[in-house]
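Engineer: The file below is work_19.txt, compact mmCIF, C-alpha atoms:
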# COMPACT_ATOMS: atom_id res chain seq x y z
CA MET A 175 0.00 0.00 0.00
CA ILE A 176 0.92 3.67 -0.25
CA LYS A 177 1.14 5.68 2.98
CA VAL A 178 1.81 9.42 3.13
CA ARG A 179 1.96 11.29 6.44
CA ASN A 180 2.41 15.04 7.01
CA LEU A 181 4.17 15.54 3.67
CA VAL A 182 5.63 19.01 3.08
CA VAL A 183 7.59 19.99 -0.03
CA TYR A 184 9.45 23.23 -0.72
CA TYR A 185 10.96 24.45 -3.98
CA GLY A 186 13.41 26.95 -2.54
CA LYS A 187 11.21 29.24 -0.45
CA PHE A 188 8.04 28.26 -2.28
CA LYS A 189 5.88 25.81 -0.34
CA ALA A 190 4.41 23.40 -2.88
CA LEU A 191 2.74 20.87 -0.55
CA SER A 192 1.54 21.30 3.02
CA GLY A 193 0.60 18.51 5.43
CA ILE A 194 -0.45 15.88 2.87
CA ASN A 195 -1.91 12.67 4.33
CA LEU A 196 -2.94 9.88 1.99
CA ASP A 197 -3.48 6.12 2.03
CA VAL A 198 -3.95 3.88 -1.00
CA LYS A 199 -4.74 0.29 -0.09
CA LYS A 200 -2.88 -2.61 -1.67
CA GLY A 201 -4.34 -2.99 -5.15
CA GLY A 202 -6.48 0.14 -4.79
CA ILE A 203 -6.83 3.11 -7.10
CA ILE A 204 -7.35 6.73 -6.11
CA ALA A 205 -7.98 9.69 -8.41
CA LEU A 206 -6.23 12.91 -7.46
CA ILE A 207 -7.97 16.05 -8.66
CA GLY A 208 -7.46 19.77 -8.15
CA PRO A 209 -6.74 23.09 -9.90
CA SER A 210 -3.54 23.85 -11.80
CA GLY A 211 -0.62 24.64 -9.50
CA CYS A 212 -2.01 22.83 -6.46
CA GLY A 213 0.84 20.30 -6.37
CA LYS A 214 -0.73 17.17 -7.86
CA THR A 215 2.28 16.40 -10.01
CA THR A 216 4.67 17.22 -7.16
CA LEU A 217 2.92 14.63 -4.99
CA LEU A 218 3.20 12.12 -7.82
CA TYR A 219 6.91 12.87 -8.21
CA VAL A 220 7.49 12.33 -4.49
CA LEU A 221 5.79 8.93 -4.76
CA GLY A 222 7.92 8.17 -7.82
CA GLY A 223 11.20 9.15 -6.16
CA ILE A 224 11.76 12.01 -8.60
CA VAL A 225 11.39 14.59 -5.81
CA ALA A 226 13.43 13.19 -2.91
CA LYS A 227 13.74 16.24 -0.67
CA TYR A 228 10.71 16.60 1.59
CA GLU A 229 9.47 16.60 5.15
CA GLY A 230 7.19 13.88 6.49
CA GLU A 231 6.87 10.17 5.79
CA VAL A 232 6.22 8.43 2.46
CA LEU A 233 6.10 4.62 2.38
CA ILE A 234 5.44 1.99 -0.28
CA ASP A 235 4.55 -1.37 1.24
CA GLY A 236 6.09 -0.21 4.51
CA ALA A 237 9.42 0.95 3.03
CA PRO A 238 10.65 4.44 2.09
CA VAL A 239 10.43 5.34 -1.59
CA ASP A 240 13.46 3.96 -3.43
CA PRO A 241 13.20 3.64 -7.24
CA LYS A 242 16.33 1.45 -7.26
CA LYS A 243 14.64 -1.19 -5.10
CA GLN A 244 10.97 -0.72 -5.99
CA ARG A 245 9.20 -1.03 -9.32
CA ILE A 246 7.42 2.25 -9.92
CA GLY A 247 5.39 2.63 -13.09
CA LEU A 248 4.89 6.16 -14.38
CA VAL A 249 2.61 7.05 -17.30
CA LEU A 250 2.79 10.63 -18.56
CA GLN A 251 0.69 12.81 -20.83
CA ASP A 252 3.47 12.97 -23.44
CA TYR A 253 3.88 9.16 -23.52
CA GLY A 254 7.63 9.17 -22.79
CA LEU A 255 8.45 6.93 -25.77
CA LEU A 256 11.84 6.85 -27.51
CA PRO A 257 11.18 7.79 -31.16
CA TRP A 258 14.10 5.71 -32.50
CA LYS A 259 12.85 2.48 -30.88
CA ARG A 260 10.00 0.29 -32.11
CA VAL A 261 6.84 -0.51 -30.10
CA TRP A 262 8.28 -3.80 -28.78
CA GLU A 263 11.51 -2.13 -27.61
CA ASN A 264 9.67 0.80 -26.01
CA ALA A 265 7.30 -1.56 -24.23
CA LEU A 266 10.21 -3.42 -22.62
CA LEU A 267 12.18 -0.34 -21.54
CA GLY A 268 10.86 -0.22 -17.97
CA LEU A 269 11.57 -3.91 -17.46
CA LYS A 270 15.09 -3.59 -18.89
CA VAL A 271 15.90 -0.89 -16.34
CA LYS A 272 15.03 -3.32 -13.53
CA LYS A 273 16.35 -6.59 -14.96
CA LYS A 274 19.69 -7.35 -16.60
CA VAL A 275 18.26 -10.35 -18.42
CA ILE A 276 14.71 -10.53 -19.81
CA GLY A 277 13.61 -14.15 -19.81
CA LYS A 278 11.06 -16.16 -21.74
CA GLU A 279 8.31 -15.62 -19.14
CA ASP A 280 8.93 -11.86 -19.23
CA LYS A 281 8.57 -11.82 -23.01
CA GLU A 282 5.43 -13.96 -22.90
CA TYR A 283 3.86 -11.61 -20.35
CA ALA A 284 4.85 -8.60 -22.48
CA GLU A 285 3.18 -10.19 -25.50
CA TYR A 286 0.06 -10.83 -23.39
CA VAL A 287 -0.15 -7.22 -22.18
CA LEU A 288 0.48 -5.80 -25.65
CA ALA A 289 -2.29 -8.03 -26.98
CA ARG A 290 -4.61 -6.80 -24.21
CA VAL A 291 -4.06 -3.20 -25.31
CA GLY A 292 -4.50 -4.06 -28.99
CA LEU A 293 -0.93 -3.62 -30.20
CA SER A 294 0.01 -7.11 -31.38
CA ASP A 295 -0.01 -5.98 -35.02
CA PHE A 296 2.07 -2.84 -34.36
CA LEU A 297 5.17 -4.23 -32.59
CA LYS A 298 7.59 -3.27 -35.38
CA ARG A 299 6.29 0.27 -35.80
CA TYR A 300 8.02 3.38 -34.52
CA PRO A 301 6.13 5.90 -32.29
CA GLY A 302 5.96 8.35 -35.21
CA GLU A 303 3.92 5.81 -37.16
CA LEU A 304 1.26 5.55 -34.43
CA SER A 305 -1.77 7.65 -33.48
CA GLY A 306 -1.87 9.45 -30.13
CA GLY A 307 -4.12 6.76 -28.68
CA GLN A 308 -1.78 4.00 -29.89
CA ARG A 309 1.26 5.74 -28.38
CA GLN A 310 -0.57 5.98 -25.07
CA ARG A 311 -1.35 2.26 -25.31
CA VAL A 312 2.38 1.60 -25.58
CA ALA A 313 3.02 3.73 -22.48
CA ILE A 314 0.33 1.89 -20.52
CA ALA A 315 1.61 -1.50 -21.67
CA ARG A 316 5.17 -0.57 -20.67
CA ALA A 317 4.03 0.33 -17.16
CA PHE A 318 2.11 -2.92 -16.63
CA ILE A 319 4.79 -5.13 -18.23
CA MET A 320 7.24 -4.23 -15.47
CA LYS A 321 4.71 -5.48 -12.87
CA PRO A 322 5.06 -2.35 -10.74
CA ASP A 323 4.69 -2.09 -6.98
CA ILE A 324 2.78 1.14 -7.58
CA LEU A 325 1.48 2.87 -10.71
CA LEU A 326 1.46 6.65 -11.11
CA MET A 327 -0.62 8.28 -13.87
CA ASP A 328 -0.04 11.98 -14.59
CA GLU A 329 -2.99 13.21 -16.69
CA PRO A 330 -2.22 10.51 -19.27
CA PHE A 331 -5.27 11.06 -21.48
CA SER A 332 -5.70 14.84 -21.38
CA ALA A 333 -4.12 15.39 -24.83
CA LEU A 334 -6.44 12.91 -26.55
CA ASP A 335 -9.72 13.70 -28.29
CA ALA A 336 -12.92 12.93 -26.37
CA ILE A 337 -13.71 9.62 -28.09
CA THR A 338 -10.16 8.27 -27.83
CA ARG A 339 -9.91 9.47 -24.23
CA GLU A 340 -12.99 7.51 -23.20
CA GLU A 341 -11.70 4.47 -25.06
CA MET A 342 -8.36 4.72 -23.23
CA GLN A 343 -10.08 5.10 -19.86
CA ASP A 344 -12.03 1.88 -20.48
CA LEU A 345 -8.89 0.09 -21.66
CA PHE A 346 -6.86 1.27 -18.68
CA ILE A 347 -9.45 0.11 -16.14
CA ASP A 348 -9.76 -3.24 -17.91
CA VAL A 349 -5.99 -3.86 -17.76
CA TRP A 350 -5.73 -2.45 -14.22
CA LYS A 351 -8.40 -4.84 -12.93
CA GLY A 352 -6.29 -7.71 -14.22
CA SER A 353 -3.25 -6.58 -12.23
CA SER A 354 -4.70 -4.73 -9.20
CA VAL A 355 -1.62 -2.55 -8.70
CA SER A 356 -1.85 0.30 -6.18
CA THR A 357 -2.47 3.37 -8.36
CA VAL A 358 -2.61 7.15 -8.08
CA PHE A 359 -4.27 8.77 -11.11
CA VAL A 360 -3.89 12.56 -11.50
CA THR A 361 -6.53 14.36 -13.56
CA HIS A 362 -8.12 17.79 -14.08
CA SER A 363 -11.45 16.26 -15.06
CA THR A 364 -14.17 15.51 -12.50
CA GLU A 365 -15.79 13.10 -14.97
CA GLU A 366 -12.55 11.19 -15.41
CA ALA A 367 -11.92 11.13 -11.65
CA MET A 368 -15.38 9.67 -11.09
CA PHE A 369 -14.71 6.93 -13.63
CA VAL A 370 -11.17 5.88 -12.71
CA GLY A 371 -11.09 6.39 -8.93
CA GLU A 372 -12.41 4.04 -6.25
CA LYS A 373 -11.76 7.07 -4.07
CA ILE A 374 -11.21 10.69 -5.10
CA ALA A 375 -8.74 12.92 -3.26
CA VAL A 376 -9.47 16.63 -3.80
CA MET A 377 -6.58 19.09 -3.57
CA THR A 378 -6.48 22.87 -3.37
CA GLY A 379 -3.63 25.32 -3.07
CA PRO A 380 -0.94 26.43 -3.33
CA PRO A 381 0.43 25.26 -1.07
CA GLY A 382 -1.19 21.98 -2.02
CA ARG A 383 -3.29 20.21 0.55
CA ILE A 384 -5.94 17.51 0.45
CA VAL A 385 -9.25 18.96 1.60
CA GLU A 386 -11.30 15.78 1.38
CA ILE A 387 -11.17 12.17 0.24
CA VAL A 388 -14.48 11.06 -1.24
CA ASP A 389 -15.76 7.49 -1.63
CA ASN A 390 -16.86 7.03 -5.24
CA PRO A 391 -19.89 4.84 -6.03
CA PHE A 392 -19.46 5.47 -9.78
CA PHE A 393 -16.04 3.82 -10.19
CA SER A 394 -15.66 2.23 -13.67
CA ARG A 395 -19.36 2.80 -14.45
CA ARG A 396 -20.49 4.21 -17.79
CA GLU A 397 -24.19 3.58 -17.29
CA ILE A 398 -25.44 5.86 -14.50
CA GLU A 399 -28.86 4.88 -13.14
CA ASP A 400 -29.07 7.57 -10.46
CA SER A 401 -28.21 10.68 -12.43
CA ASP A 402 -29.24 13.00 -9.59
CA LEU A 403 -26.65 11.45 -7.27
CA TYR A 404 -24.04 11.54 -10.03
CA PHE A 405 -24.51 15.26 -10.74
CA SER A 406 -24.73 16.04 -7.04
CA MET A 407 -21.36 14.40 -6.45
CA LYS A 408 -19.87 16.10 -9.49
CA LEU A 409 -21.03 19.48 -8.15
CA LYS A 410 -19.57 18.68 -4.73
CA LEU A 411 -16.17 17.90 -6.25
CA LYS A 412 -16.15 21.16 -8.21
CA GLU A 413 -17.05 23.14 -5.09
CA LEU A 414 -14.30 21.43 -3.10
CA ILE A 415 -11.78 22.25 -5.82
CA LYS A 416 -12.80 25.91 -5.75
CA GLY A 417 -12.58 25.92 -1.94
CA MET A 418 -16.28 26.61 -1.47
Is it possible to give me this structure as structure tokens?

Structural biologist:
Amino acid sequence: MIKVRNLVVYYGKFKALSGINLDVKKGGIIALIGPSGCGKTTLLYVLGGIVAKYEGEVLIDGAPVDPKKQRIGLVLQDYGLLPWKRVWENALLGLKVKKKVIGKEDKEYAEYVLARVGLSDFLKRYPGELSGGQRQRVAIARAFIMKPDILLMDEPFSALDAITREEMQDLFIDVWKGSSVSTVFVTHSTEEAMFVGEKIAVMTGPPGRIVEIVDNPFFSRREIEDSDLYFSMKLKLKELIKGM
């Protein structure tokens, strides 16, 4: 599980995060939402070991964050693919960082994940020969192939068109349910947060702080029977973000 206690982060004299407390259960997924500049990405970078200077306690499965010892999957908005490597090579990059030798079972699992995300026919293509949605599929596959201890998603679908974005949300949840990796998913969209998060943590700031963690009855649901409850919750999230 992920455990954050009294986290404070400064960039020089600027206080980016203030008193963050957060728990993500083993195999759970939480959506992190808030306005621009509230520190969502900073919190993600602390969990990923990219920002290592902070006050407070941050633990992954009971141990301090250490990217050298832990497998931390990170999926970004800009995909993070190497343009001179083919889909198959890009998909295995995260695993190669952690393992000197990639065995038969590793390759078979990679083939399975790539098939799950619909890329079996694109393994020899370069990123420049793929659509935005296909490039994001490669990034998602790469994260799951390394069998991460935690998965961090930083607004991964925000650059996609509405139809592709919804398709990628469905695909992500489908693959995530098959792995049940502890996940923090950063988004600006209340609709996306309500689809991808079992719980939704609402941030305001700066300095960034979590004002409320909301249980989400609409997790992974496209068909909403109780529309009044759905829109009531959506309104509540927007008011929390604005600090109302």

Engineer: Fewer than 4 positions away in the same chain doesn't count, so skip those; otherwise give me all residues within 9 Å of Ile176 in chain A, counting only C-alpha atoms, as a VMD selection string.

Structural biologist: chain A and resid 196 to 200 221 232 to 236 324 356 to 357

Engineer: Between CA of Arg290 in chain A and CA of Gly307 in chain A, what is the distance in Å, rounded to a tenth?

Structural biologist: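 We find that CA of Arg290 in chain A and CA of Gly307 in chain A lie 14.3 Å from each other.
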
Engineer: Which residue is closest to Pro322 in chain A? Choose from A:Ser192, A:Gln244, A:Ser394, A:Thr338 and count all atoms listed in the file.

Structural biologist: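 Using all atoms listed in the file, Pro322 in chain A sits closest to A:Gln244.
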
Engineer: Just to confirm, what's the straight-line distance from CA of Glu229 in chain A to CA of Val182 in chain A in Å (one decimal)?

Structural biologist: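 Between CA of Glu229 in chain A and CA of Val182 in chain A the gap is 5.0 Å.
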
Engineer: Would you work out the distance separating CA of Pro241 in chain A from CA of Gly223 in chain A, expressed in Å to one decimal?

Structural biologist: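 Value for the CA of Pro241 in chain A-CA of Gly223 in chain A distance: 6.0 Å.
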
Engineer: Taking into account all atoms listed in the file, which residue in the set A:Val360, A:Ala313, A:Ile207, A:Leu267 is nearest to Ala375 in chain A?

Structural biologist: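 When distances to Ala375 in chain A are compared using all atoms listed in the file, the smallest one comes from A:Ile207.
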
Engineer: Which residues are close to Leu248 in chain A, i.e. within 9 Å by all atoms listed in the file, leaving aside same-chain residues fewer than 2 positions away? Reply as a ChimeraX atom specification.

Structural biologist: /A:222,246,250,313-314,317,324-328

Engineer: Could you tell me which of A:Lys416, A:Lys187, A:Arg309, A:Arg396 comes closest to Leu293 in chain A if we count all atoms listed in the file?

Structural biologist: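 Of A:Lys416, A:Lys187, A:Arg309, A:Arg396, the one nearest Leu293 in chain A, counting all atoms listed in the file, is A:Arg309.
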
Engineer: Need the shell around Glu329 in chain A: protein/DNA/RNA residues with any atom at most 10 Å away, counting only C-alpha atoms. Skip same-chain ones fewer than 6 positions apart. Format as a list of chain:residue names?

Structural biologist: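 With the cut-off at 10 Å, the set is A:Leu206, A:Ile207, A:Lys214, A:Thr215, A:Val249, A:Leu250, A:Gln251, A:Asp252, A:Phe359, A:Val360, A:Thr361, A:His362, A:Ser363, A:Glu366.
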